[in-house]
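Asks: Enclosed is the structure file model32.txt (compact mmCIF, C-alpha atoms and all ligand atoms).
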# COMPACT_ATOMS: atom_id res chain seq x y z
CA MET A 19 0.00 0.00 0.00
CA ASP A 20 1.46 3.42 -0.93
CA PRO A 21 2.19 5.93 1.87
CA LEU A 22 -0.83 8.11 1.07
CA SER A 23 -3.23 5.14 1.16
CA ARG A 24 -1.66 3.98 4.43
CA ALA A 25 -2.02 7.50 5.85
CA ARG A 26 -5.68 7.62 4.77
CA ALA A 27 -6.28 4.28 6.50
CA LEU A 28 -4.61 5.48 9.74
CA VAL A 29 -6.63 8.72 9.78
CA GLY A 30 -9.87 6.90 8.86
CA ALA A 31 -9.41 4.50 11.78
CA ALA A 32 -8.53 7.27 14.31
CA ARG A 33 -10.93 8.64 16.92
CA ARG A 34 -8.69 11.37 18.34
CA ILE A 35 -6.36 13.35 16.08
CA THR A 36 -3.74 15.94 17.07
CA VAL A 37 -2.07 18.18 14.48
CA LEU A 38 1.01 20.43 14.68
CA THR A 39 1.43 23.02 11.94
CA GLY A 40 4.21 25.38 10.97
CA ALA A 41 4.72 28.13 8.42
CA GLY A 42 4.63 25.64 5.54
CA ILE A 43 0.84 25.26 5.73
CA SER A 44 0.49 28.99 5.02
CA ALA A 45 3.02 29.00 2.16
CA GLU A 46 0.25 28.24 -0.38
CA SER A 47 -1.61 31.27 0.98
CA GLY A 48 1.33 33.41 -0.11
CA ILE A 49 2.77 33.95 3.40
CA PRO A 50 6.57 33.47 3.41
CA THR A 51 7.96 30.74 5.67
CA PHE A 52 10.88 31.48 7.97
CA ARG A 53 13.64 29.32 6.61
CA ASP A 54 12.86 28.50 3.01
CA ALA A 55 15.93 29.83 1.19
CA LEU A 56 14.12 31.67 -1.61
CA THR A 57 11.01 33.08 0.01
CA GLY A 58 12.03 32.77 3.65
CA LEU A 59 11.21 35.81 5.75
CA TRP A 60 14.50 35.43 7.53
CA SER A 61 16.44 35.50 4.24
CA ARG A 62 15.70 39.23 4.03
CA PHE A 63 15.85 40.14 7.69
CA ARG A 64 18.10 39.11 10.55
CA PRO A 65 15.64 37.86 13.17
CA GLU A 66 17.82 39.23 15.99
CA GLU A 67 17.12 42.71 14.61
CA LEU A 68 13.36 42.32 14.68
CA ALA A 69 11.73 39.47 16.56
CA THR A 70 13.30 39.83 20.04
CA PRO A 71 12.46 41.80 23.21
CA GLU A 72 15.89 43.46 22.93
CA ALA A 73 15.15 44.66 19.38
CA PHE A 74 11.83 46.11 20.59
CA GLU A 75 13.54 47.77 23.55
CA ARG A 76 16.21 49.22 21.26
CA ASP A 77 14.00 50.30 18.37
CA PRO A 78 10.26 49.86 19.05
CA LYS A 79 9.29 51.89 15.98
CA THR A 80 11.11 49.65 13.46
CA VAL A 81 9.87 46.44 15.10
CA TRP A 82 6.30 47.78 15.28
CA GLU A 83 6.39 48.83 11.60
CA TRP A 84 7.74 45.43 10.51
CA TYR A 85 4.82 43.74 12.25
CA ALA A 86 2.39 46.29 10.79
CA TRP A 87 3.72 45.34 7.35
CA ARG A 88 3.30 41.62 8.14
CA ARG A 89 -0.24 42.24 9.45
CA VAL A 90 -1.25 43.78 6.13
CA ALA A 91 0.21 40.79 4.25
CA VAL A 92 -1.53 38.31 6.58
CA ALA A 93 -4.90 40.11 6.41
CA ALA A 94 -4.74 39.97 2.58
CA ALA A 95 -4.00 36.23 2.61
CA GLN A 96 -6.74 33.62 2.45
CA PRO A 97 -6.80 30.21 4.14
CA ASN A 98 -5.88 27.52 1.59
CA ALA A 99 -7.07 23.94 0.98
CA GLY A 100 -4.72 22.69 3.70
CA HIS A 101 -6.32 24.91 6.37
CA ALA A 102 -9.79 23.93 5.13
CA ALA A 103 -8.92 20.22 5.25
CA LEU A 104 -7.88 20.49 8.92
CA ALA A 105 -11.15 22.25 9.75
CA ALA A 106 -13.05 19.44 7.96
CA LEU A 107 -11.01 16.82 9.83
CA GLU A 108 -11.96 18.49 13.13
CA ARG A 109 -15.66 18.30 12.24
CA TRP A 110 -15.26 14.59 11.37
CA ALA A 111 -13.08 13.36 14.26
CA ALA A 112 -14.40 12.38 17.69
CA GLY A 113 -11.54 14.33 19.32
CA PHE A 114 -9.30 16.93 17.64
CA THR A 115 -6.60 19.38 18.76
CA LEU A 116 -4.74 21.72 16.41
CA ILE A 117 -1.45 23.11 17.72
CA THR A 118 0.08 25.80 15.54
CA GLN A 119 3.37 27.69 15.61
CA ASN A 120 1.89 30.18 13.15
CA VAL A 121 0.73 33.62 14.23
CA ASP A 122 -1.23 34.41 11.04
CA GLY A 123 -4.69 33.42 12.32
CA LEU A 124 -5.51 31.48 9.12
CA HIS A 125 -6.57 28.30 10.97
CA ALA A 126 -9.28 30.18 12.90
CA ARG A 127 -10.40 31.91 9.68
CA ALA A 128 -10.68 28.47 8.03
CA GLY A 129 -13.00 27.30 10.82
CA SER A 130 -10.65 25.39 13.16
CA ARG A 131 -11.96 25.61 16.73
CA ASN A 132 -9.89 23.59 19.22
CA LEU A 133 -6.76 25.59 18.46
CA ILE A 134 -3.58 26.17 20.51
CA GLU A 135 -1.61 29.16 19.11
CA LEU A 136 1.74 28.31 20.73
CA HIS A 137 3.50 31.43 19.39
CA GLY A 138 0.59 33.86 19.77
CA ASN A 139 -1.35 35.77 17.13
CA ILE A 140 -0.07 38.73 15.11
CA ALA A 141 -3.52 40.35 15.01
CA ARG A 142 -3.60 40.75 18.81
CA ASN A 143 -1.83 43.51 20.76
CA ARG A 144 -0.57 43.48 24.32
CA CYS A 145 0.87 45.98 26.78
CA ALA A 146 4.66 45.56 26.95
CA GLY A 147 4.54 46.76 30.57
CA GLU A 148 1.56 44.86 32.02
CA GLY A 149 1.63 41.88 29.65
CA CYS A 150 -2.16 41.92 29.17
CA VAL A 151 -3.91 41.72 25.80
CA LEU A 152 -5.29 45.14 24.75
CA ALA A 153 -8.42 45.93 22.77
CA ASP A 154 -7.96 48.57 20.06
CA ASP A 155 -9.56 51.32 22.18
CA GLU A 156 -7.15 50.60 25.05
CA ALA A 157 -4.17 51.88 23.05
CA ALA A 158 -3.36 55.49 22.18
CA PRO A 159 -2.29 55.89 18.53
CA GLY A 160 1.45 55.95 17.75
CA SER A 161 4.19 53.85 16.18
CA PRO A 162 4.15 51.89 18.37
CA PRO A 163 0.88 52.81 20.12
CA THR A 164 0.94 53.25 23.91
CA CYS A 165 -1.19 51.63 26.59
CA ARG A 166 -3.84 54.09 27.83
CA ARG A 167 -3.62 52.60 31.32
CA CYS A 168 0.10 52.62 32.05
CA GLY A 169 1.72 54.43 29.11
CA SER A 170 3.95 51.48 28.12
CA CYS A 171 4.56 50.63 24.48
CA VAL A 172 2.09 48.28 22.79
CA ARG A 173 3.60 45.17 21.15
CA PRO A 174 2.21 42.35 19.04
CA ASP A 175 0.94 39.41 21.12
CA VAL A 176 3.48 36.97 19.67
CA VAL A 177 6.34 34.97 21.19
CA TRP A 178 9.76 36.47 20.34
CA PHE A 179 13.11 34.69 20.28
CA GLY A 180 14.24 34.01 23.80
CA GLU A 181 10.77 34.40 25.31
CA MET A 182 8.91 31.69 27.20
CA LEU A 183 5.76 30.13 25.78
CA ASP A 184 2.56 30.14 27.83
CA PRO A 185 3.03 27.14 30.21
CA ALA A 186 -0.67 26.20 30.17
CA SER A 187 -0.76 26.10 26.34
CA LEU A 188 2.41 24.03 26.31
CA ASP A 189 0.99 21.53 28.81
CA ARG A 190 -2.20 21.20 26.74
CA ALA A 191 -0.12 20.64 23.59
CA PHE A 192 2.02 17.88 25.10
CA GLU A 193 -1.07 16.24 26.61
CA ALA A 194 -2.76 16.30 23.18
CA ALA A 195 0.36 14.80 21.56
CA ARG A 196 0.25 11.87 24.00
CA ASP A 197 -3.50 11.42 24.11
CA CYS A 198 -4.41 10.77 20.46
CA ASP A 199 -4.51 7.96 17.91
CA VAL A 200 -2.81 9.83 15.07
CA PHE A 201 -0.49 12.89 15.17
CA LEU A 202 0.00 14.93 11.99
CA SER A 203 3.08 17.19 11.69
CA VAL A 204 2.47 19.60 8.81
CA GLY A 205 4.70 22.27 7.26
CA THR A 206 7.31 22.64 9.97
CA SER A 207 11.09 22.31 9.73
CA GLY A 208 11.07 20.95 13.28
CA LEU A 209 13.99 23.14 14.31
CA VAL A 210 12.44 25.25 17.05
CA GLU A 211 11.77 23.88 20.54
CA PRO A 212 9.62 23.11 22.38
CA ALA A 213 7.19 22.60 19.45
CA ALA A 214 9.72 20.37 17.65
CA SER A 215 9.49 17.81 20.50
CA LEU A 216 5.73 17.29 20.14
CA PRO A 217 5.86 14.66 17.34
CA PHE A 218 8.55 12.73 19.24
CA GLU A 219 6.38 12.86 22.38
CA ALA A 220 3.59 11.30 20.31
CA LEU A 221 5.93 8.58 18.97
CA ALA A 222 7.14 7.82 22.51
CA SER A 223 3.49 7.35 23.53
CA GLY A 224 2.93 4.80 20.77
CA VAL A 225 0.97 7.22 18.56
CA SER A 226 1.20 6.94 14.74
CA VAL A 227 2.91 10.08 13.39
CA ILE A 228 2.33 11.26 9.82
CA GLU A 229 4.49 14.09 8.44
CA VAL A 230 3.39 16.31 5.53
CA ASN A 231 6.27 18.34 4.08
CA PRO A 232 7.78 18.60 0.57
CA GLN A 233 11.25 18.56 2.17
CA PRO A 234 12.82 16.08 4.60
CA THR A 235 13.14 17.18 8.25
CA PRO A 236 14.70 15.62 11.40
CA LEU A 237 11.32 13.91 11.95
CA SER A 238 11.04 12.34 8.49
CA ARG A 239 12.98 9.13 9.10
CA ARG A 240 11.37 8.60 12.55
CA ALA A 241 7.76 9.30 11.49
CA THR A 242 5.40 6.37 10.89
CA LEU A 243 4.77 7.88 7.45
CA ALA A 244 6.32 10.87 5.64
CA LEU A 245 4.18 12.33 2.82
CA ALA A 246 6.50 14.39 0.60
CA GLY A 247 4.17 16.99 -0.82
CA PRO A 248 2.48 20.33 -0.19
CA ALA A 249 -0.14 20.55 2.54
CA GLY A 250 -2.76 22.02 0.19
CA GLU A 251 -2.53 18.88 -1.95
CA MET A 252 -1.93 16.19 0.69
CA LEU A 253 -4.27 17.15 3.54
CA PRO A 254 -7.56 17.14 1.56
CA ARG A 255 -6.71 13.57 0.51
CA LEU A 256 -6.50 12.50 4.16
CA VAL A 257 -10.00 13.70 5.14
CA PRO A 258 -12.40 10.69 5.30
P1 LIG A 301 10.14 27.08 8.79
O1 LIG A 301 10.26 28.16 7.76
O2 LIG A 301 11.31 26.78 9.69
O3 LIG A 301 9.77 25.70 8.04
C1 LIG A 301 8.74 25.69 7.09
C2 LIG A 301 8.60 24.26 6.61
O4 LIG A 301 7.48 24.20 5.73
C3 LIG A 301 9.81 23.76 5.84
O5 LIG A 301 10.20 22.49 6.35
C4 LIG A 301 9.30 23.63 4.39
O6 LIG A 301 9.87 22.51 3.72
C5 LIG A 301 7.82 23.39 4.63
N1 LIG A 301 6.94 23.77 3.52
C6 LIG A 301 7.15 24.74 2.59
N2 LIG A 301 6.08 24.80 1.76
C7 LIG A 301 5.17 23.86 2.21
C8 LIG A 301 3.89 23.44 1.78
N3 LIG A 301 3.28 24.00 0.72
N4 LIG A 301 3.26 22.45 2.47
C9 LIG A 301 3.87 21.87 3.54
N5 LIG A 301 5.10 22.23 4.01
C10 LIG A 301 5.73 23.21 3.33
O7 LIG A 301 8.85 27.39 9.66
P2 LIG A 301 8.43 26.74 11.05
O8 LIG A 301 8.88 25.32 11.14
O9 LIG A 301 7.01 27.03 11.26
O10 LIG A 301 8.96 30.97 15.80
O11 LIG A 301 9.30 27.62 12.09
C11 LIG A 301 9.05 27.39 13.46
C12 LIG A 301 9.26 28.66 14.20
O12 LIG A 301 10.55 29.24 13.87
C13 LIG A 301 8.28 29.76 13.85
O13 LIG A 301 7.04 29.60 14.51
C14 LIG A 301 9.01 30.99 14.36
C15 LIG A 301 10.42 30.68 13.90
O14 LIG A 301 11.38 31.14 14.83
C16 LIG A 301 8.80 32.18 16.42
O15 LIG A 301 8.68 33.19 15.77
C17 LIG A 301 8.81 32.11 17.89
ZN ZN A 302 -0.26 48.91 30.20
Can you present the structure in this file as structure tokens?
Ligand code: OAD
Ligand code: ZN
Replies:
Amino acid sequence: MDPLSRARALVGAARRITVLTGAGISAESGIPTFRDALTGLWSRFRPEELATPEAFERDPKTVWEWYAWRRVAVAAAQPNAGHAALAALERWAAGFTLITQNVDGLHARAGSRNLIELHGNIARNRCAGEGCVLADDEAAPGSPPTCRRCGSCVRPDVVWFGEMLDPASLDRAFEAARDCDVFLSVGTSGLVEPAASLPFEALASGVSVIEVNPQPTPLSRRATLALAGPAGEMLPRLVP
């Protein structure tokens, strides 16, 4: 049986499904990934200059404007067939958890519900001083805006290099990786911890792991099945 047929059989027989996605699932929506040589976001910018608390401290205006530019690009993007397939899979499965490293919000726009946004969401703002999420009317205009309550700079509600992830979200993600019948790892290079450990946690718990990625990753030779193709093409073929 070819890998895709075997993957279809594993998904079709599963009651509880957990999925981890990375930037690759949004590539077909026109959003650059981080590390792809040609289109990679990082190929044009040095991440240390932009996506770190130190960069924001040093030059909040430049960091804010870079995220404002990314927000426009993300708002113009549409969920693709891969996002839609995961929303359909959630409606079909008895139990479903979607863990994403992406901050673009496309999974929610595609209809996914039980969603863990490990690295935050670019559309949300938070007070850099108090740490709380801010509604639009809680920030005074500026570049960056400032918190009306305490006057601190407003920052995007995303995880930057060197920052800790929300412990509760992380616990939920590892629990979902252990407590499922099939784990799908889609569109991630598997280079950034702790998300990169999730598929291996599933394997260690005896869960079948299916990878969807046109390129090989550190997971590929350990996964139960590795489907070498784009998410927009592969995922719809896995939905029962
Ligand atoms: P990367 O850019 O590291 O990896 C994207 C992966 O998607 C690569 O393995 C590509 O081969 C694959 N890919 C490209 N096109 C695809 C397609 N159409 N379908 C499926 N896969 C495709 O992005 P991430 O692994 O998401 O963290 O990066 C993880 C984290 O590193 C990001 O969340 C970000 C970055 O530091 C933070 O910002 C905290
Ligand atoms: Zn504040």
Asks: From the list A:Pro50, A:Gly113, A:Gly42, A:Pro21, which residue is nearest Ala95 in chain A when using all atoms listed in the file?
Replies: A:Pro50
Asks: Between CA of Leu28 in chain A and CA of Ala126 in chain A, measure the distance and give it in Å to one decimal.
Replies: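 Computing it gives 25.3 Å between the two atoms.
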Asks: What does the list of residues within 9 Å of ligand LIG 301 (chain A) look like if you count only C-alpha atoms and all ligand atoms, written as number ranges by chain?
Replies: A: 39-47, 50-55, 58-60, 65, 69, 100, 118-121, 136-138, 176-181, 183, 204-211, 213-214, 230-235, 246-252
Asks: Could you tell me, counting all atoms listed in the file, which protein and nucleic acid residues lie no more than 7 Å from ligand ZN 302 (chain A), written as a ChimeraX atom specification?
Replies: /A:145-148,165-170
Asks: Could you tell me how far CA of Val225 in chain A lies from CA of Ala99 in chain A, in Å and to one decimal?
Replies: 25.6 Å
Asks: Between A:Leu237, A:Val29, A:Leu116, A:Val151, which one has atoms that come closest to Pro217 in chain A, using all atoms listed in the file?
Replies: A:Leu237
Asks: Using the structure just given, write a file holding all heavy atoms for range 91-104 of chain A, as a tab-separated table (two decimals), in the first residue's frame.
Replies:
chain	number	residue	atom	x	y	z
A	91	ALA	N	0.03	41.97	5.13
A	91	ALA	CA	0.21	40.79	4.25
A	91	ALA	C	-0.68	39.63	4.72
A	91	ALA	O	-1.34	38.97	3.92
A	91	ALA	CB	1.68	40.37	4.26
A	92	VAL	N	-0.75	39.44	6.03
A	92	VAL	CA	-1.53	38.31	6.58
A	92	VAL	C	-3.03	38.55	6.37
A	92	VAL	O	-3.77	37.66	5.96
A	92	VAL	CB	-1.20	38.14	8.08
A	92	VAL	CG1	-2.28	37.35	8.79
A	92	VAL	CG2	0.15	37.48	8.25
A	93	ALA	N	-3.46	39.81	6.57
A	93	ALA	CA	-4.90	40.11	6.41
A	93	ALA	C	-5.34	39.90	4.96
A	93	ALA	O	-6.46	39.50	4.69
A	93	ALA	CB	-5.17	41.56	6.83
A	94	ALA	N	-4.40	40.12	4.01
A	94	ALA	CA	-4.74	39.97	2.58
A	94	ALA	C	-4.72	38.51	2.16
A	94	ALA	O	-5.27	38.14	1.11
A	94	ALA	CB	-3.73	40.75	1.74
A	95	ALA	N	-4.10	37.65	2.98
A	95	ALA	CA	-4.00	36.23	2.61
A	95	ALA	C	-5.32	35.52	2.93
A	95	ALA	O	-6.10	35.96	3.77
A	95	ALA	CB	-2.86	35.57	3.38
A	96	GLN	N	-5.54	34.44	2.21
A	96	GLN	CA	-6.74	33.62	2.45
A	96	GLN	C	-6.31	32.23	2.91
A	96	GLN	O	-5.30	31.71	2.45
A	96	GLN	CB	-7.55	33.46	1.14
A	96	GLN	CG	-8.14	34.77	0.63
A	96	GLN	CD	-9.06	35.46	1.66
A	96	GLN	OE1	-9.81	34.78	2.37
A	96	GLN	NE2	-8.92	36.76	1.78
A	97	PRO	N	-7.11	31.60	3.80
A	97	PRO	CA	-6.80	30.21	4.14
A	97	PRO	C	-6.79	29.36	2.85
A	97	PRO	O	-7.53	29.66	1.91
A	97	PRO	CB	-7.97	29.81	5.05
A	97	PRO	CG	-8.53	31.09	5.58
A	97	PRO	CD	-8.30	32.12	4.50
A	98	ASN	N	-5.93	28.34	2.81
A	98	ASN	CA	-5.88	27.52	1.59
A	98	ASN	C	-6.50	26.14	1.85
A	98	ASN	O	-7.03	25.89	2.95
A	98	ASN	CB	-4.43	27.40	1.08
A	98	ASN	CG	-3.50	26.72	2.07
A	98	ASN	OD1	-3.74	25.57	2.45
A	98	ASN	ND2	-2.48	27.43	2.54
A	99	ALA	N	-6.41	25.26	0.88
A	99	ALA	CA	-7.07	23.94	0.98
A	99	ALA	C	-6.53	23.12	2.16
A	99	ALA	O	-7.24	22.29	2.74
A	99	ALA	CB	-6.87	23.17	-0.32
A	100	GLY	N	-5.29	23.42	2.55
A	100	GLY	CA	-4.72	22.69	3.70
A	100	GLY	C	-5.41	23.11	4.99
A	100	GLY	O	-5.81	22.28	5.82
A	101	HIS	N	-5.60	24.42	5.18
A	101	HIS	CA	-6.32	24.91	6.37
A	101	HIS	C	-7.75	24.35	6.38
A	101	HIS	O	-8.25	23.91	7.42
A	101	HIS	CB	-6.40	26.45	6.35
A	101	HIS	CG	-5.08	27.15	6.41
A	101	HIS	ND1	-4.47	27.70	5.30
A	101	HIS	CD2	-4.25	27.41	7.46
A	101	HIS	CE1	-3.33	28.27	5.66
A	101	HIS	NE2	-3.17	28.11	6.95
A	102	ALA	N	-8.39	24.39	5.21
A	102	ALA	CA	-9.79	23.93	5.13
A	102	ALA	C	-9.88	22.44	5.45
A	102	ALA	O	-10.81	21.99	6.15
A	102	ALA	CB	-10.34	24.21	3.73
A	103	ALA	N	-8.90	21.68	5.00
A	103	ALA	CA	-8.92	20.22	5.25
A	103	ALA	C	-8.83	19.94	6.75
A	103	ALA	O	-9.51	19.05	7.28
A	103	ALA	CB	-7.77	19.55	4.50
A	104	LEU	N	-8.01	20.72	7.46
A	104	LEU	CA	-7.88	20.49	8.92
A	104	LEU	C	-9.17	20.88	9.64
A	104	LEU	O	-9.59	20.22	10.60
A	104	LEU	CB	-6.69	21.27	9.48
A	104	LEU	CG	-5.31	20.77	9.00
A	104	LEU	CD1	-4.20	21.57	9.69
A	104	LEU	CD2	-5.13	19.28	9.24
